[in-house]
Amino acid sequence: NSGFYRVKEAGLEYQHVKAEMPTPKDGKEFLKRFREKFDLKILSQEENEMVFELIGCDVSFANALRRILLAEVPTVALEYVYMINNTSLLHDEVLAHRIGLIPLNVDPRLFEDLDDPDEATDLNTVVFKLQVSCEMQQNSRLQKGKDDDMNLETDPNVIQNAELEKAALAAARKKAIETPGRPYTKHVYSGDLVWMPQGAQAKHFPNGIRPVHDDILIAKLRPGQEIYLEAHGRRGIGRDHAKYSPVATACYRLYTEVELVEPVYDDDAKELVYVYEPGVFELVPASKEGKEVEAKVCNSYACTMSRNYMRNPTLAEAVKMTRIPNRFIFSVESVGMQKPGVLVAEALKILQQKCLSLIDLTREQDQL
């Protein structure tokens with residue numbers, strides 16, 4: 001049996017209808033029907049957002065896709081933070097946590113998994129350096145644009161790259177914020193993180209590796225305070241920590257089919273179009289003599305299930321809303337590391353691999 005959800009003023013009412021086809025006799029027949037009826041349509045796609053429709057699938061499939069997007073699609077994030085000097089007001093643990101939450105604009109498919117920090121290589125680790133300080137007074141030499149790179153002295157570290165050391169120190173010497181009557185305050189942003197390429201990474205990433213956003217506030221420094229650290233990133237999944245989750249939101253809702261079982265004219269039509277369900281209906285010239293305009297369904301996808309129209313008795317009788325249980329409107333918003341279309345494709349690959357693993361386990365069990 002199958003059915004649909006009829007929208008009522010007080011909630012939803014499930015109505016059973018006779019199924020078009022009998023229950024599949026085995027898994028092969030079920031899979032055949034699924035292939036014939038399943039469809040995926042992209043409704044809208046922007047830089048970091050995508051809305052698509054899943055047709056002919058069960059809610060378990062949609063929910064599995066959502067959970068994989070949230071917790072199992074891998075990304076790269078900063079995991080190990082080595083504090084060299086931190087005299088800011090933030091404790092080391094808090095500072096490390098804030099840095100770890102900064103999304104990195106790098107493709108995780110180009111890296112391998114890192115199980116042991118002692119086995120870090122250029123194939124599984126990215127390294128960033130942060131060296132910022134707030135001086136007691138403004139540096140007139142930097143203000144005048146007469147910066148001499150030869151005078152930028154830094155402490156040795158594990159990178160041993162003089163040019164990148166100078167770049168990190170130059171970023172740390174940016175002008176502080178001056179507020180009348182208050183000491184200088186230097187804002188430390190994610191853009192102050194300097195990528196330190198390891199091995200052949202400079203060749204493999206000619207455009208460099210940077211945070212997705214350069215304006216994420218990390219800390220605020222007062223005169224005499226300094227932050228000097230190195231952060232090593234690795235590949236991980238959202239199940240390990242939320243910082244690895246590649247999506248800001250991944251959600252779905254049932255498709256709502258909207259119908260007008262009775263014509264709606266003039267004032268009621270304008271009220272329906274402009275007040276109760278904007279974007280779902282439109283006004284067209286009335287087909288009945290003596291009437292000016294009438295409402296017409298133009299976009300069922302915009303329906304938000306507000307049911308405010310039911311306050312009007314005429315509209316409550318004229319409008320019919322039905323939720324289809326095997327059609328889902330899926331929304332994915334990427335954090336920025338990868339395009340939402342890539343994330344959905346990776347999630348489907350992971351789901352496919354899970355199904356294959358389950359098939360292998362059942363076969364092994366049958367052989368026992």
# chains A, B, ... in the order shown; residues from 1 in each chain; ligands from 1

call {"tool": "residues_around", "arguments": {"residues": "segment 45-56 of chain A", "least_positions_apart": "2", "cutoff": "8 Å", "atoms": "only C-alpha atoms", "output": "MDAnalysis selection string"}}
result
chainID A and resid 34 37:43 58 62 326:336 339:341

call {"tool": "select_by_dssp", "arguments": {"residues": "segment 24-81 of chain A", "states": "helix (DSSP H, G or I)", "output": "list in words"}}
result
Gly27, Lys28, Glu29, Phe30, Leu31, Lys32, Arg33, Phe34, Arg35, Glu36, Lys37, Val59, Ser60, Phe61, Ala62, Asn63, Ala64, Leu65, Arg66, Arg67, Ile68, Leu69, Leu70 and Ala71 of chain A

call {"tool": "residues_around", "arguments": {"residues": "segment 1-13 of chain A", "least_positions_apart": "4", "cutoff": "10 Å", "atoms": "only C-alpha atoms", "output": "list of chain:residue names"}}
result
A:Val17, A:Lys18, A:Ala19, A:Glu20, A:Met21, A:Pro22, A:Thr23, A:Leu254, A:Thr256, A:Glu257, A:Met305, A:Ser306, A:Arg307, A:Asn308, A:Tyr309, A:Met310, A:Arg311, A:Ala316, A:Lys320, A:Met321, A:Thr322, A:Arg323, A:Ile324, A:Pro325, A:Asn326

call {"tool": "residues_around", "arguments": {"residues": "Glu277 of chain A", "least_positions_apart": "4", "cutoff": "8 Å", "atoms": "only C-alpha atoms", "output": "ChimeraX atom specification"}}
result
/A:272-273,281,303-304,306,309

call {"tool": "residues_around", "arguments": {"residues": "Gln225 of chain A", "least_positions_apart": "4", "cutoff": "10 Å", "atoms": "only C-alpha atoms", "output": "list of chain:residue names"}}
result
A:Asn85, A:Asn86, A:Thr87, A:Ser88, A:Leu89, A:Val132, A:Ser133, A:Cys134, A:Glu135, A:Met136, A:Thr185, A:Lys186, A:Lys220, A:Leu221

call {"tool": "residues_around", "arguments": {"residues": "Gln338 of chain A", "least_positions_apart": "5", "cutoff": "8 Å", "atoms": "only C-alpha atoms", "output": "ChimeraX atom specification"}}
result
/A:105-107,246,343

call {"tool": "write_last_selection", "arguments": {"atoms": "all heavy atoms", "output": "short mmCIF file (atom, residue, chain, number, x, y, z; two decimals), in the first residue's frame"}}
result
data_model
loop_
_atom_site.label_atom_id
_atom_site.label_comp_id
_atom_site.auth_asym_id
_atom_site.auth_seq_id
_atom_site.Cartn_x
_atom_site.Cartn_y
_atom_site.Cartn_z
N ASN A 105 40.53 26.23 2.31
CA ASN A 105 40.16 26.08 0.91
C ASN A 105 41.12 25.11 0.22
O ASN A 105 42.04 25.51 -0.50
CB ASN A 105 40.18 27.45 0.22
CG ASN A 105 39.56 27.39 -1.16
OD1 ASN A 105 38.93 26.40 -1.53
ND2 ASN A 105 39.72 28.45 -1.92
N VAL A 106 40.92 23.83 0.45
CA VAL A 106 41.78 22.80 -0.12
C VAL A 106 40.94 21.55 -0.38
O VAL A 106 40.01 21.24 0.38
CB VAL A 106 42.96 22.49 0.83
CG1 VAL A 106 42.46 22.03 2.18
CG2 VAL A 106 43.89 21.45 0.22
N ASP A 107 41.25 20.86 -1.46
CA ASP A 107 40.52 19.65 -1.83
C ASP A 107 41.03 18.47 -1.01
O ASP A 107 42.19 18.07 -1.16
CB ASP A 107 40.69 19.38 -3.32
CG ASP A 107 39.73 18.32 -3.84
OD1 ASP A 107 39.21 17.54 -3.02
OD2 ASP A 107 39.51 18.26 -5.06
N PRO A 246 31.66 19.44 6.12
CA PRO A 246 31.80 20.32 4.95
C PRO A 246 30.59 21.19 4.67
O PRO A 246 30.64 22.05 3.78
CB PRO A 246 32.02 19.33 3.80
CG PRO A 246 31.22 18.14 4.22
CD PRO A 246 31.32 18.06 5.73
N LEU A 343 30.09 17.85 -3.12
CA LEU A 343 29.79 17.21 -1.83
C LEU A 343 28.69 16.17 -1.98
O LEU A 343 28.77 15.07 -1.39
CB LEU A 343 29.37 18.27 -0.81
CG LEU A 343 30.43 19.31 -0.43
CD1 LEU A 343 29.86 20.33 0.54
CD2 LEU A 343 31.65 18.63 0.17
#

call {"tool": "residues_around", "arguments": {"residues": "Ala242 of chain A", "least_positions_apart": "5", "cutoff": "9 Å", "atoms": "only C-alpha atoms", "output": "list in words"}}
result
Leu70, Ala71, Leu101 and Ile237 of chain A
